[in-house]
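Asker: Provided below: protein19.txt, containing compact mmCIF, C-alpha atoms (C1' of nucleotides).
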```txt
# COMPACT_ATOMS: atom_id res chain seq x y z
CA MET A 1 3.27 -15.02 9.47
CA ASP A 2 0.64 -12.54 10.48
CA ASP A 3 -1.14 -10.14 8.22
CA LEU A 4 0.88 -8.96 5.23
CA THR A 5 -1.90 -7.38 3.22
CA GLU A 6 -0.80 -3.78 3.60
CA MET A 7 2.78 -4.65 2.77
CA LEU A 8 1.68 -6.54 -0.32
CA LYS A 9 0.10 -3.48 -1.84
CA GLY A 10 2.07 -2.49 -4.88
CA THR A 11 4.16 -5.66 -4.89
CA LEU A 12 1.59 -8.38 -5.42
CA GLU A 13 0.76 -7.16 -8.89
CA GLY A 14 4.44 -7.37 -9.76
CA CYS A 15 4.57 -10.94 -8.47
CA VAL A 16 1.67 -11.89 -10.68
CA LEU A 17 3.40 -10.26 -13.65
CA GLU A 18 6.53 -12.24 -12.90
CA ILE A 19 4.62 -15.52 -12.77
CA ILE A 20 2.84 -14.79 -16.02
CA GLY A 21 6.15 -13.78 -17.55
CA GLY A 22 7.54 -17.21 -16.72
CA GLU A 23 4.82 -19.07 -18.55
CA GLU A 24 1.36 -18.53 -19.93
CA THR A 25 -1.02 -19.48 -17.12
CA TYR A 26 -4.42 -18.78 -15.55
CA GLY A 27 -5.92 -17.30 -12.39
CA TYR A 28 -6.60 -20.38 -10.35
CA ALA A 29 -3.12 -21.78 -10.98
CA ILE A 30 -1.49 -18.43 -10.21
CA THR A 31 -3.22 -18.38 -6.84
CA ARG A 32 -1.97 -21.89 -6.04
CA ARG A 33 1.53 -20.93 -7.16
CA LEU A 34 1.59 -17.84 -4.96
CA ASN A 35 0.40 -19.91 -2.02
CA GLU A 36 3.19 -22.44 -2.41
CA LEU A 37 5.74 -19.63 -2.83
CA GLY A 38 4.94 -18.43 0.68
CA PHE A 39 2.19 -15.94 -0.06
CA THR A 40 -0.06 -18.24 1.89
CA ASP A 41 -2.99 -15.93 2.52
CA VAL A 42 -3.51 -14.66 -1.01
CA VAL A 43 -6.95 -15.75 -2.18
CA GLU A 44 -8.52 -16.15 -5.60
CA GLY A 45 -10.59 -12.99 -5.46
CA THR A 46 -7.45 -10.91 -5.06
CA VAL A 47 -5.69 -12.53 -8.00
CA TYR A 48 -8.68 -12.16 -10.27
CA THR A 49 -8.98 -8.45 -9.54
CA ILE A 50 -5.31 -8.06 -10.40
CA LEU A 51 -5.75 -10.00 -13.64
CA LEU A 52 -8.70 -7.87 -14.67
CA ARG A 53 -6.64 -4.78 -13.95
CA LEU A 54 -3.72 -6.07 -16.03
CA GLU A 55 -6.07 -6.77 -18.88
CA LYS A 56 -7.72 -3.36 -18.62
CA ASN A 57 -4.29 -1.69 -18.65
CA GLY A 58 -3.28 -3.60 -21.77
CA LEU A 59 -0.36 -5.50 -20.24
CA VAL A 60 -1.47 -9.01 -21.10
CA GLN A 61 -2.86 -11.07 -23.91
CA VAL A 62 -5.80 -13.26 -22.91
CA THR A 63 -6.82 -16.60 -24.43
CA LYS A 64 -9.76 -18.68 -23.28
CA ARG A 65 -9.34 -22.45 -23.51
CA PRO A 66 -11.51 -25.39 -22.39
CA SER A 67 -10.27 -27.25 -19.35
CA GLY A 68 -11.53 -30.82 -19.03
CA MET A 69 -11.27 -30.33 -15.26
CA GLY A 70 -14.03 -27.72 -14.90
CA PRO A 71 -15.04 -24.48 -16.57
CA PRO A 72 -12.88 -22.95 -19.32
CA ARG A 73 -9.66 -21.22 -18.27
CA LYS A 74 -8.49 -17.74 -19.17
CA PHE A 75 -4.78 -17.96 -19.98
CA TYR A 76 -2.68 -14.85 -19.58
CA ALA A 77 0.59 -13.99 -21.34
CA LEU A 78 2.68 -10.82 -21.18
CA ASN A 79 2.81 -8.54 -24.20
CA ASP A 80 5.52 -5.92 -24.80
CA ALA A 81 3.90 -3.40 -22.50
CA GLY A 82 3.64 -6.09 -19.83
CA ARG A 83 7.31 -7.00 -20.09
CA GLU A 84 8.19 -3.33 -19.79
CA GLU A 85 5.97 -2.95 -16.74
CA LEU A 86 7.61 -5.99 -15.18
CA ALA A 87 11.06 -4.49 -15.68
CA THR A 88 9.86 -1.24 -14.10
CA PHE A 89 8.48 -3.18 -11.18
CA TRP A 90 11.81 -4.87 -10.47
CA ALA A 91 13.63 -1.56 -10.76
CA LYS A 92 11.28 -0.03 -8.22
CA TRP A 93 11.59 -3.04 -5.96
CA GLU A 94 15.37 -2.88 -6.00
CA TYR A 95 15.35 0.82 -5.32
CA LEU A 96 12.90 0.58 -2.44
CA SER A 97 14.34 -2.50 -0.79
CA SER A 98 17.86 -1.10 -0.87
CA ARG A 99 16.70 2.13 0.79
CA ILE A 100 14.83 0.23 3.46
CA ASN A 101 17.76 -2.05 4.19
CA ASN A 102 20.04 0.99 4.39
CA LEU A 103 17.69 2.59 6.86
CA ARG A 104 17.76 -0.54 8.96
CA GLU A 105 21.55 -0.62 9.05
CA GLY A 106 21.92 2.71 10.73
CA GLY A 107 20.72 4.97 7.95
CA ARG A 108 23.13 5.95 5.27
CA MET B 1 12.54 7.03 -9.55
CA ASP B 2 8.93 7.14 -10.58
CA ASP B 3 5.95 6.72 -8.34
CA LEU B 4 6.50 4.45 -5.35
CA THR B 5 3.40 5.33 -3.37
CA GLU B 6 1.64 1.99 -3.75
CA MET B 7 4.78 0.08 -2.87
CA LEU B 8 5.30 2.21 0.21
CA LYS B 9 2.01 1.15 1.70
CA GLY B 10 2.67 -0.93 4.77
CA THR B 11 6.39 -0.15 4.78
CA LEU B 12 6.50 3.60 5.28
CA GLU B 13 5.01 3.34 8.74
CA GLY B 14 7.74 0.86 9.66
CA CYS B 15 10.39 3.26 8.38
CA VAL B 16 9.00 6.01 10.58
CA LEU B 17 9.03 3.65 13.55
CA GLU B 18 12.66 2.81 12.84
CA ILE B 19 13.63 6.48 12.70
CA ILE B 20 11.83 7.25 15.94
CA GLY B 21 13.44 4.19 17.49
CA GLY B 22 16.87 5.61 16.68
CA GLU B 23 16.26 8.87 18.50
CA GLU B 24 13.42 10.97 19.83
CA THR B 25 12.44 13.30 17.01
CA TYR B 26 9.57 15.20 15.41
CA GLY B 27 7.48 15.20 12.23
CA TYR B 28 9.20 17.83 10.19
CA ALA B 29 12.65 16.38 10.87
CA ILE B 30 11.42 12.85 10.10
CA THR B 31 10.20 14.04 6.71
CA ARG B 32 13.57 15.62 5.93
CA ARG B 33 15.35 12.47 7.09
CA LEU B 34 13.21 10.24 4.87
CA ASN B 35 13.88 12.54 1.93
CA GLU B 36 17.64 12.35 2.35
CA LEU B 37 17.42 8.57 2.78
CA GLY B 38 16.04 8.28 -0.74
CA PHE B 39 12.32 8.47 -0.03
CA THR B 40 12.39 11.68 -1.99
CA ASP B 41 8.70 12.12 -2.66
CA VAL B 42 7.39 11.61 0.85
CA VAL B 43 5.75 14.82 1.99
CA GLU B 44 4.91 16.24 5.38
CA GLY B 45 1.20 15.51 5.24
CA THR B 46 1.93 11.80 4.88
CA VAL B 47 4.31 11.69 7.82
CA TYR B 48 1.91 13.55 10.06
CA THR B 49 -0.92 11.15 9.32
CA ILE B 50 1.39 8.27 10.22
CA LEU B 51 2.43 9.97 13.45
CA LEU B 52 -1.17 10.58 14.46
CA ARG B 53 -1.92 6.93 13.75
CA LEU B 54 1.03 5.77 15.85
CA GLU B 55 -0.17 7.96 18.69
CA LYS B 56 -3.74 6.71 18.38
CA ASN B 57 -2.49 3.12 18.45
CA GLY B 58 -0.47 3.75 21.58
CA LEU B 59 2.95 2.99 20.09
CA VAL B 60 4.68 6.26 20.95
CA GLN B 61 5.13 8.72 23.74
CA VAL B 62 4.63 12.35 22.73
CA THR B 63 6.25 15.43 24.26
CA LYS B 64 5.66 18.96 23.08
CA ARG B 65 8.62 21.31 23.32
CA PRO B 66 9.19 24.92 22.18
CA SER B 67 11.39 25.31 19.15
CA GLY B 68 13.05 28.72 18.85
CA MET B 69 12.95 28.15 15.08
CA GLY B 70 9.17 28.29 14.68
CA PRO B 71 6.12 26.76 16.33
CA PRO B 72 6.54 24.16 19.10
CA ARG B 73 7.57 20.64 18.09
CA LYS B 74 5.91 17.37 18.99
CA PHE B 75 8.67 14.92 19.83
CA TYR B 76 7.97 11.22 19.44
CA ALA B 77 9.64 8.31 21.22
CA LEU B 78 8.86 4.60 21.06
CA ASN B 79 7.31 2.92 24.09
CA ASP B 80 7.37 -0.84 24.70
CA ALA B 81 4.45 -1.48 22.37
CA GLY B 82 6.19 0.58 19.71
CA ARG B 83 9.41 -1.39 20.00
CA GLU B 84 7.45 -4.60 19.71
CA GLU B 85 5.64 -3.30 16.65
CA LEU B 86 8.97 -2.33 15.11
CA ALA B 87 10.32 -5.84 15.63
CA THR B 88 7.18 -7.28 14.04
CA PHE B 89 7.62 -4.94 11.10
CA TRP B 90 11.17 -6.12 10.43
CA ALA B 91 10.11 -9.74 10.72
CA LYS B 92 7.38 -9.18 8.14
CA TRP B 93 9.76 -7.26 5.91
CA GLU B 94 12.32 -10.07 6.01
CA TYR B 95 9.70 -12.66 5.27
CA LEU B 96 8.16 -10.77 2.40
CA SER B 97 11.38 -9.63 0.77
CA SER B 98 12.87 -13.10 0.87
CA ARG B 99 9.76 -14.57 -0.82
CA ILE B 100 9.82 -11.92 -3.48
CA ASN B 101 13.52 -12.39 -4.19
CA ASN B 102 12.95 -16.15 -4.37
CA LEU B 103 10.20 -15.63 -6.87
CA ARG B 104 12.47 -13.47 -8.96
CA GLU B 105 15.22 -16.09 -9.03
CA GLY B 106 13.13 -18.69 -10.75
CA GLY B 107 10.73 -19.40 -7.96
CA ARG B 108 11.78 -21.96 -5.40
C1' DT C 1 6.28 47.81 9.71
C1' DA C 2 4.84 45.10 6.15
C1' DG C 3 6.46 41.29 3.61
C1' DT C 4 8.94 37.07 2.65
C1' DG C 5 10.58 32.56 3.55
C1' DG C 6 11.62 28.66 6.41
C1' DT C 7 9.84 25.96 10.20
C1' DA C 8 5.98 23.10 12.10
C1' DC C 9 1.47 21.02 12.61
C1' DT C 10 -3.72 20.04 11.33
C1' DC C 11 -7.62 18.55 8.68
C1' DG C 12 -10.85 17.02 4.88
C1' DG C 13 -10.97 14.59 0.95
C1' DT C 14 -9.22 11.32 -2.87
C1' DA C 15 -7.22 7.28 -5.30
C1' DC C 16 -5.58 2.90 -5.24
C1' DT C 17 -5.15 -1.70 -3.59
C1' DA C 18 -5.84 -6.25 -1.20
C1' DC C 19 -9.45 -8.71 0.63
C1' DA C 20 -14.19 -10.54 1.99
C1' DA C 21 -18.29 -12.60 0.53
C1' DA C 22 -21.45 -14.41 -2.27
C1' DG C 23 -22.72 -16.21 -6.49
C1' DT C 24 -22.40 -18.86 -11.11
C1' DA C 25 -20.83 -22.74 -13.61
C1' DC C 26 -18.38 -26.99 -15.15
C1' DC C 27 -17.12 -31.71 -14.26
C1' DA C 28 -16.08 -36.44 -11.91
C1' DG C 29 -17.13 -40.02 -8.63
C1' DG C 30 -19.96 -42.26 -5.26
C1' DC D 1 -28.40 -36.49 -7.43
C1' DC D 2 -25.17 -34.69 -4.61
C1' DT D 3 -20.76 -33.53 -2.95
C1' DG D 4 -16.29 -31.56 -3.76
C1' DG D 5 -12.69 -29.66 -6.54
C1' DT D 6 -11.96 -26.53 -10.35
C1' DA D 7 -12.58 -21.81 -12.32
C1' DC D 8 -14.25 -17.16 -12.93
C1' DT D 9 -17.25 -12.82 -11.71
C1' DT D 10 -19.08 -9.08 -9.06
C1' DT D 11 -20.06 -5.91 -5.23
C1' DG D 12 -18.56 -3.89 -1.31
C1' DT D 13 -15.11 -2.69 2.53
C1' DA D 14 -10.93 -1.18 5.02
C1' DG D 15 -6.51 0.65 5.14
C1' DT D 16 -2.89 3.65 3.50
C1' DA D 17 -0.24 7.31 1.08
C1' DC D 18 -1.09 11.61 -0.86
C1' DC D 19 -3.13 16.25 -2.09
C1' DG D 20 -4.40 20.76 -0.90
C1' DA D 21 -5.50 24.25 1.87
C1' DG D 22 -5.13 26.33 6.11
C1' DT D 23 -3.03 27.96 10.70
C1' DA D 24 0.82 29.61 13.22
C1' DC D 25 5.51 30.90 14.88
C1' DC D 26 9.86 33.17 14.06
C1' DA D 27 13.91 35.75 11.72
C1' DC D 28 15.38 38.78 8.44
C1' DT D 29 14.98 42.74 5.48
C1' DA D 30 13.58 46.62 2.61
```
Would it be possible to restate this file's structure as C-alpha cells?
Answerer:
Amino acid sequence: MDDLTEMLKGTLEGCVLEIIGGEETYGYAITRRLNELGFTDVVEGTVYTILLRLEKNGLVQVTKRPSGMGPPRKFYALNDAGREELATFWAKWEYLSSRINNLREGGR
Amino acid sequence: MDDLTEMLKGTLEGCVLEIIGGEETYGYAITRRLNELGFTDVVEGTVYTILLRLEKNGLVQVTKRPSGMGPPRKFYALNDAGREELATFWAKWEYLSSRINNLREGGR
DNA sequence: TAGTGGTACTCGGTACTACAAAGTACCAGG
DNA sequence: CCTGGTACTTTGTAGTACCGAGTACCACTA
C-alpha cells in the first residue's frame, strides 16, 4: 500500500491509545504491534512523539522498568482522562467514517 | 461533533475528488455540499486551497463560466489523472479503515 | 442611491501531525 | 571488541486543514 501518512493524521494517535488501553506496554513493542496490524510503514520515531504527546497531555501513566533485553522500558497505561479520550476518538471515527462511506454511496 | 480537522487530513481531498467526479461543479457549491453531508465545519477557504492544489497537480479540468448570481464560477471536472487519483484514494481508505476496525475488534 | 446580504474566489499566515535522521545507550553472542 | 537487536531522545521538515482579511459581483430595498 502506498503512502498513508496524510491519512493517518488524527487516527494514529487513537490507534496507539487503543493499544495501550488493551494492555500496559511500551514504545518499541507498540511500533512492532502496529506494523503487524498492517500499519507497516509506521516507524519508532513517530510512535515516540505520540507517546510524549500523550504524556504531556496527561492521558497516560508512565512507569520505567528494567528490561534484561536492552535499555529500560517506559511502560504506558491509560488513566481516566486517557480512557475518555479513547472513547471520544472512536466516536469521531464512527462519525467520520460513516459520512465518508455515505458520500461514496451516492451521497445521502 | 467536536473538532475533526486532524482526522480530515488526507481524506477531505478525496471527498472533494468524489464530489467533482459525480458532476462538474464549483468551490462554493462543493462547500455547501460537504456541509450538508455532515462535514459541517468545513469552510470555503479550505475547499479553495484543495481545489487550487488539485489544479496544480493536474487532476482537474477548469472552466470559468458567468454566474448570474454573483461573480463568475470556476467549474471543476476530473480528467483521467483525477479519476485515477480518486480510485487510489478509495483503495487507501478501504485499506486504512479495515485495519482500524480490526484493531478496534481486539486486534487481529 | 447608498446600504445590506448572499454569492464566489484569493491570499498570507498558523497549528498540528507524521516522518526523517541522527544520536545515545544497554545487552548478548561470536 | 564488535556486530546486531533492543529501546528511547531530539531536531528538523513537509503536508494539510483552517483562520482571517480582502476583493468583487449581483439583487433587493429603504
Asker: Taking all atoms listed in the file into account, find every residue of chain A that has an atom no more than 12 Å from chain C, and write it out as a PDB file with C-alpha atoms, in the coordinates of the input.
Answerer:
```pdb
ATOM      1  CA  ASP A   3      -1.140 -10.140   8.220  1.00  0.00           C
ATOM      2  CA  LEU A   4       0.880  -8.960   5.230  1.00  0.00           C
ATOM      3  CA  THR A   5      -1.900  -7.380   3.220  1.00  0.00           C
ATOM      4  CA  GLU A   6      -0.800  -3.780   3.600  1.00  0.00           C
ATOM      5  CA  MET A   7       2.780  -4.650   2.770  1.00  0.00           C
ATOM      6  CA  LEU A   8       1.680  -6.540  -0.320  1.00  0.00           C
ATOM      7  CA  LYS A   9       0.100  -3.480  -1.840  1.00  0.00           C
ATOM      8  CA  GLY A  10       2.070  -2.490  -4.880  1.00  0.00           C
ATOM      9  CA  THR A  11       4.160  -5.660  -4.890  1.00  0.00           C
ATOM     10  CA  LEU A  12       1.590  -8.380  -5.420  1.00  0.00           C
ATOM     11  CA  GLU A  13       0.760  -7.160  -8.890  1.00  0.00           C
ATOM     12  CA  ASP A  41      -2.990 -15.930   2.520  1.00  0.00           C
ATOM     13  CA  VAL A  42      -3.510 -14.660  -1.010  1.00  0.00           C
ATOM     14  CA  VAL A  43      -6.950 -15.750  -2.180  1.00  0.00           C
ATOM     15  CA  GLU A  44      -8.520 -16.150  -5.600  1.00  0.00           C
ATOM     16  CA  GLY A  45     -10.590 -12.990  -5.460  1.00  0.00           C
ATOM     17  CA  THR A  46      -7.450 -10.910  -5.060  1.00  0.00           C
ATOM     18  CA  VAL A  47      -5.690 -12.530  -8.000  1.00  0.00           C
ATOM     19  CA  TYR A  48      -8.680 -12.160 -10.270  1.00  0.00           C
ATOM     20  CA  THR A  49      -8.980  -8.450  -9.540  1.00  0.00           C
ATOM     21  CA  ILE A  50      -5.310  -8.060 -10.400  1.00  0.00           C
ATOM     22  CA  ARG A  53      -6.640  -4.780 -13.950  1.00  0.00           C
ATOM     23  CA  PRO A  66     -11.510 -25.390 -22.390  1.00  0.00           C
ATOM     24  CA  SER A  67     -10.270 -27.250 -19.350  1.00  0.00           C
ATOM     25  CA  GLY A  68     -11.530 -30.820 -19.030  1.00  0.00           C
ATOM     26  CA  MET A  69     -11.270 -30.330 -15.260  1.00  0.00           C
ATOM     27  CA  GLY A  70     -14.030 -27.720 -14.900  1.00  0.00           C
ATOM     28  CA  PRO A  71     -15.040 -24.480 -16.570  1.00  0.00           C
ATOM     29  CA  PRO A  72     -12.880 -22.950 -19.320  1.00  0.00           C
ATOM     30  CA  ARG A  73      -9.660 -21.220 -18.270  1.00  0.00           C
TER      31      ARG A  73
END
```
Asker: Least-squares fit on all C-alpha atoms, paired in order: put chain A onto chain B and return it as an mmCIF file with C-alpha atoms, keeping the file's coordinate frame.
Answerer:
```cif
data_model
loop_
_atom_site.group_PDB
_atom_site.id
_atom_site.type_symbol
_atom_site.label_atom_id
_atom_site.label_comp_id
_atom_site.auth_asym_id
_atom_site.auth_seq_id
_atom_site.Cartn_x
_atom_site.Cartn_y
_atom_site.Cartn_z
ATOM 1 C CA MET A 1 12.540 7.013 -9.556
ATOM 2 C CA ASP A 2 8.936 7.126 -10.599
ATOM 3 C CA ASP A 3 5.959 6.705 -8.364
ATOM 4 C CA LEU A 4 6.519 4.452 -5.360
ATOM 5 C CA THR A 5 3.420 5.318 -3.381
ATOM 6 C CA GLU A 6 1.646 1.998 -3.765
ATOM 7 C CA MET A 7 4.779 0.076 -2.899
ATOM 8 C CA LEU A 8 5.316 2.200 0.188
ATOM 9 C CA LYS A 9 2.018 1.170 1.682
ATOM 10 C CA GLY A 10 2.677 -0.914 4.736
ATOM 11 C CA THR A 11 6.399 -0.161 4.777
ATOM 12 C CA LEU A 12 6.511 3.581 5.294
ATOM 13 C CA GLU A 13 5.030 3.323 8.752
ATOM 14 C CA GLY A 14 7.765 0.865 9.656
ATOM 15 C CA CYS A 15 10.400 3.284 8.380
ATOM 16 C CA VAL A 16 9.010 6.019 10.567
ATOM 17 C CA LEU A 17 9.046 3.655 13.547
ATOM 18 C CA GLU A 18 12.664 2.828 12.833
ATOM 19 C CA ILE A 19 13.645 6.494 12.698
ATOM 20 C CA ILE A 20 11.843 7.255 15.928
ATOM 21 C CA GLY A 21 13.446 4.201 17.485
ATOM 22 C CA GLY A 22 16.866 5.630 16.680
ATOM 23 C CA GLU A 23 16.251 8.877 18.492
ATOM 24 C CA GLU A 24 13.416 10.956 19.838
ATOM 25 C CA THR A 25 12.438 13.303 17.010
ATOM 26 C CA TYR A 26 9.559 15.215 15.407
ATOM 27 C CA GLY A 27 7.481 15.223 12.228
ATOM 28 C CA TYR A 28 9.204 17.868 10.193
ATOM 29 C CA ALA A 29 12.645 16.390 10.860
ATOM 30 C CA ILE A 30 11.425 12.869 10.092
ATOM 31 C CA THR A 31 10.200 14.048 6.707
ATOM 32 C CA ARG A 32 13.578 15.632 5.931
ATOM 33 C CA ARG A 33 15.354 12.478 7.079
ATOM 34 C CA LEU A 34 13.225 10.248 4.869
ATOM 35 C CA ASN A 35 13.881 12.540 1.926
ATOM 36 C CA GLU A 36 17.638 12.346 2.350
ATOM 37 C CA LEU A 37 17.439 8.559 2.783
ATOM 38 C CA GLY A 38 16.056 8.266 -0.738
ATOM 39 C CA PHE A 39 12.345 8.464 -0.033
ATOM 40 C CA THR A 40 12.408 11.674 -1.995
ATOM 41 C CA ASP A 41 8.710 12.121 -2.660
ATOM 42 C CA VAL A 42 7.410 11.608 0.861
ATOM 43 C CA VAL A 43 5.748 14.821 2.003
ATOM 44 C CA GLU A 44 4.894 16.230 5.410
ATOM 45 C CA GLY A 45 1.195 15.469 5.239
ATOM 46 C CA THR A 46 1.937 11.775 4.860
ATOM 47 C CA VAL A 47 4.300 11.680 7.822
ATOM 48 C CA TYR A 48 1.909 13.548 10.064
ATOM 49 C CA THR A 49 -0.927 11.143 9.317
ATOM 50 C CA ILE A 50 1.375 8.268 10.209
ATOM 51 C CA LEU A 51 2.412 9.961 13.452
ATOM 52 C CA LEU A 52 -1.188 10.555 14.447
ATOM 53 C CA ARG A 53 -1.921 6.913 13.735
ATOM 54 C CA LEU A 54 1.034 5.760 15.846
ATOM 55 C CA GLU A 55 -0.152 7.931 18.677
ATOM 56 C CA LYS A 56 -3.731 6.696 18.389
ATOM 57 C CA ASN A 57 -2.498 3.086 18.445
ATOM 58 C CA GLY A 58 -0.460 3.729 21.581
ATOM 59 C CA LEU A 59 2.960 2.991 20.085
ATOM 60 C CA VAL A 60 4.659 6.256 20.947
ATOM 61 C CA GLN A 61 5.115 8.705 23.752
ATOM 62 C CA VAL A 62 4.605 12.330 22.733
ATOM 63 C CA THR A 63 6.241 15.414 24.256
ATOM 64 C CA LYS A 64 5.654 18.961 23.087
ATOM 65 C CA ARG A 65 8.621 21.322 23.335
ATOM 66 C CA PRO A 66 9.187 24.929 22.206
ATOM 67 C CA SER A 67 11.408 25.349 19.184
ATOM 68 C CA GLY A 68 13.055 28.759 18.866
ATOM 69 C CA MET A 69 12.924 28.214 15.097
ATOM 70 C CA GLY A 70 9.131 28.330 14.702
ATOM 71 C CA PRO A 71 6.106 26.769 16.350
ATOM 72 C CA PRO A 72 6.519 24.169 19.114
ATOM 73 C CA ARG A 73 7.571 20.662 18.088
ATOM 74 C CA LYS A 74 5.920 17.382 18.985
ATOM 75 C CA PHE A 75 8.683 14.909 19.830
ATOM 76 C CA TYR A 76 7.962 11.226 19.438
ATOM 77 C CA ALA A 77 9.641 8.307 21.225
ATOM 78 C CA LEU A 78 8.867 4.589 21.072
ATOM 79 C CA ASN A 79 7.315 2.902 24.085
ATOM 80 C CA ASP A 80 7.361 -0.865 24.700
ATOM 81 C CA ALA A 81 4.453 -1.502 22.376
ATOM 82 C CA GLY A 82 6.202 0.569 19.713
ATOM 83 C CA ARG A 83 9.432 -1.392 20.010
ATOM 84 C CA GLU A 84 7.452 -4.604 19.705
ATOM 85 C CA GLU A 85 5.645 -3.309 16.633
ATOM 86 C CA LEU A 86 8.972 -2.335 15.100
ATOM 87 C CA ALA A 87 10.335 -5.838 15.626
ATOM 88 C CA THR A 88 7.199 -7.284 14.023
ATOM 89 C CA PHE A 89 7.628 -4.949 11.097
ATOM 90 C CA TRP A 90 11.181 -6.122 10.424
ATOM 91 C CA ALA A 91 10.113 -9.745 10.719
ATOM 92 C CA LYS A 92 7.395 -9.167 8.152
ATOM 93 C CA TRP A 93 9.769 -7.274 5.906
ATOM 94 C CA GLU A 94 12.319 -10.067 5.980
ATOM 95 C CA TYR A 95 9.687 -12.664 5.286
ATOM 96 C CA LEU A 96 8.156 -10.768 2.384
ATOM 97 C CA SER A 97 11.371 -9.625 0.759
ATOM 98 C CA SER A 98 12.859 -13.108 0.866
ATOM 99 C CA ARG A 99 9.765 -14.569 -0.816
ATOM 100 C CA ILE A 100 9.819 -11.913 -3.496
ATOM 101 C CA ASN A 101 13.508 -12.387 -4.191
ATOM 102 C CA ASN A 102 12.961 -16.148 -4.381
ATOM 103 C CA LEU A 103 10.192 -15.619 -6.879
ATOM 104 C CA ARG A 104 12.480 -13.470 -8.966
ATOM 105 C CA GLU A 105 15.209 -16.102 -9.021
ATOM 106 C CA GLY A 106 13.124 -18.718 -10.710
ATOM 107 C CA GLY A 107 10.650 -19.450 -7.950
ATOM 108 C CA ARG A 108 11.629 -21.839 -5.251
#
```
Asker: Just how far from atom CA of B:Thr63 is atom C1' of D:DT16, in Å to one decimal?
Answerer: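 Atom-to-atom, atom C1' of D:DT16 to atom CA of B:Thr63, that is 25.6 Å.
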Asker: Between atom CA of B:Glu85 and atom CA of A:Gly106, what is the distance, to one decimal in Å?
Answerer: 18.3 Å
Asker: Please, what distance in Å, to one decimal, runs between atom CA of A:Ile100 and atom CA of B:Asp2?
Answerer: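 Distance between the two atoms: 16.7 Å.
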Asker: Show me which bits of chain A are within 12 Å of chain B, counting all atoms listed in the file, as a VMD selection string.
Answerer: chain A and resid 1 to 23 33 to 40 86 to 108
Asker: Box along x, y and z, 3 Å on every side, all listed atoms of stretch 83-96 of chain B inside: centre and edge lengths in Å to one decimal, as AutoDock Vina command-line options.
Answerer:
```
--center_x 9.0 --center_y -7.0 --center_z 11.2 --size_x 12.7 --size_y 17.3 --size_z 23.6
```
Asker: Taking into account all atoms listed in the file, which residue in the set D:DC1, D:DC8, D:DA14, D:DA24 is nearest to A:Phe75?
Answerer: D:DC8
Asker: Would you list the residues near (0.6, -5.9, -17.7), meaning any protein, DNA or RNA residue with an atom at most 8 Å from that point in file coordinates, counting only C-alpha atoms (C1' of nucleotides), as a list in words?
Answerer: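 Answer for this query, in the requested form: Leu17, Leu54, Glu55, Asn57, Gly58, Leu59, Val60, Leu78, Asn79, Ala81, Gly82, Arg83, Glu85 and Leu86 of chain A.
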Asker: With a cut-off of 12 Å and counting all atoms listed in the file, select all residues of chain D in contact with chain B and give the selection as a PyMOL selection string.
Answerer: chain D and resi 15-21+23-27
Asker: Limit the output to N, CA, C and O atoms (P, O5', C5', C4', C3', O3' and C1' of nucleotides) and give stretch 10-19 of chain C as a short mmCIF file (atom, residue, chain, number, x, y, z; two decimals), in the first residue's frame.
Answerer:
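Full text of part_16.cif as output:
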```
data_model
loop_
_atom_site.label_atom_id
_atom_site.label_comp_id
_atom_site.auth_asym_id
_atom_site.auth_seq_id
_atom_site.Cartn_x
_atom_site.Cartn_y
_atom_site.Cartn_z
P DT C 10 -9.68 31.61 -7.51
"O5'" DT C 10 -8.91 32.62 -6.55
"C5'" DT C 10 -8.93 34.01 -6.82
"C4'" DT C 10 -8.07 34.74 -5.80
"C3'" DT C 10 -6.76 34.05 -5.44
"O3'" DT C 10 -5.68 34.94 -5.69
"C1'" DT C 10 -7.91 34.75 -3.48
P DC C 11 -4.18 34.39 -5.69
"O5'" DC C 11 -3.63 34.93 -4.28
"C5'" DC C 11 -4.11 36.17 -3.76
"C4'" DC C 11 -3.61 36.36 -2.34
"C3'" DC C 11 -2.34 35.57 -2.01
"O3'" DC C 11 -1.46 36.39 -1.26
"C1'" DC C 11 -4.03 35.07 -0.44
P DG C 12 0.09 35.92 -1.10
"O5'" DG C 12 0.33 36.09 0.47
"C5'" DG C 12 -0.14 37.27 1.13
"C4'" DG C 12 -0.10 37.05 2.63
"C3'" DG C 12 1.12 36.29 3.13
"O3'" DG C 12 1.60 36.88 4.33
"C1'" DG C 12 -0.85 35.11 3.71
P DG C 13 2.93 36.28 5.01
"O5'" DG C 13 2.31 35.52 6.27
"C5'" DG C 13 1.37 36.20 7.10
"C4'" DG C 13 0.68 35.20 8.03
"C3'" DG C 13 1.64 34.26 8.78
"O3'" DG C 13 1.42 34.40 10.16
"C1'" DG C 13 -0.14 33.05 7.78
P DT C 14 2.40 33.66 11.21
"O5'" DT C 14 1.46 32.51 11.78
"C5'" DT C 14 0.11 32.82 12.14
"C4'" DT C 14 -0.60 31.55 12.60
"C3'" DT C 14 0.29 30.60 13.41
"O3'" DT C 14 -0.37 30.30 14.63
"C1'" DT C 14 -0.77 29.44 11.64
P DA C 15 0.42 29.47 15.77
"O5'" DA C 15 -0.31 28.05 15.72
"C5'" DA C 15 -1.74 28.01 15.65
"C4'" DA C 15 -2.18 26.57 15.55
"C3'" DA C 15 -1.38 25.61 16.43
"O3'" DA C 15 -2.27 24.65 16.96
"C1'" DA C 15 -1.16 24.98 14.14
P DC C 16 -1.78 23.67 18.17
"O5'" DC C 16 -1.83 22.25 17.49
"C5'" DC C 16 -2.94 21.91 16.65
"C4'" DC C 16 -2.52 20.80 15.72
"C3'" DC C 16 -1.67 19.71 16.39
"O3'" DC C 16 -2.45 18.53 16.43
"C1'" DC C 16 -0.84 20.32 14.23
P DT C 17 -1.89 17.18 17.19
"O5'" DT C 17 -1.33 16.30 15.99
"C5'" DT C 17 -2.12 16.11 14.82
"C4'" DT C 17 -1.26 15.52 13.73
"C3'" DT C 17 -0.38 14.36 14.20
"O3'" DT C 17 -0.80 13.19 13.53
"C1'" DT C 17 0.83 15.92 12.85
P DA C 18 -0.30 11.71 14.04
"O5'" DA C 18 0.73 11.30 12.89
"C5'" DA C 18 0.26 11.12 11.57
"C4'" DA C 18 1.44 11.07 10.62
"C3'" DA C 18 2.43 9.93 10.88
"O3'" DA C 18 2.68 9.27 9.64
"C1'" DA C 18 3.58 12.01 10.81
P DC C 19 3.71 8.02 9.58
"O5'" DC C 19 5.10 8.71 9.22
"C5'" DC C 19 5.17 9.59 8.11
"C4'" DC C 19 6.55 10.20 8.03
"C3'" DC C 19 7.70 9.21 8.27
"O3'" DC C 19 8.49 9.17 7.09
"C1'" DC C 19 8.04 11.24 9.44
#
```
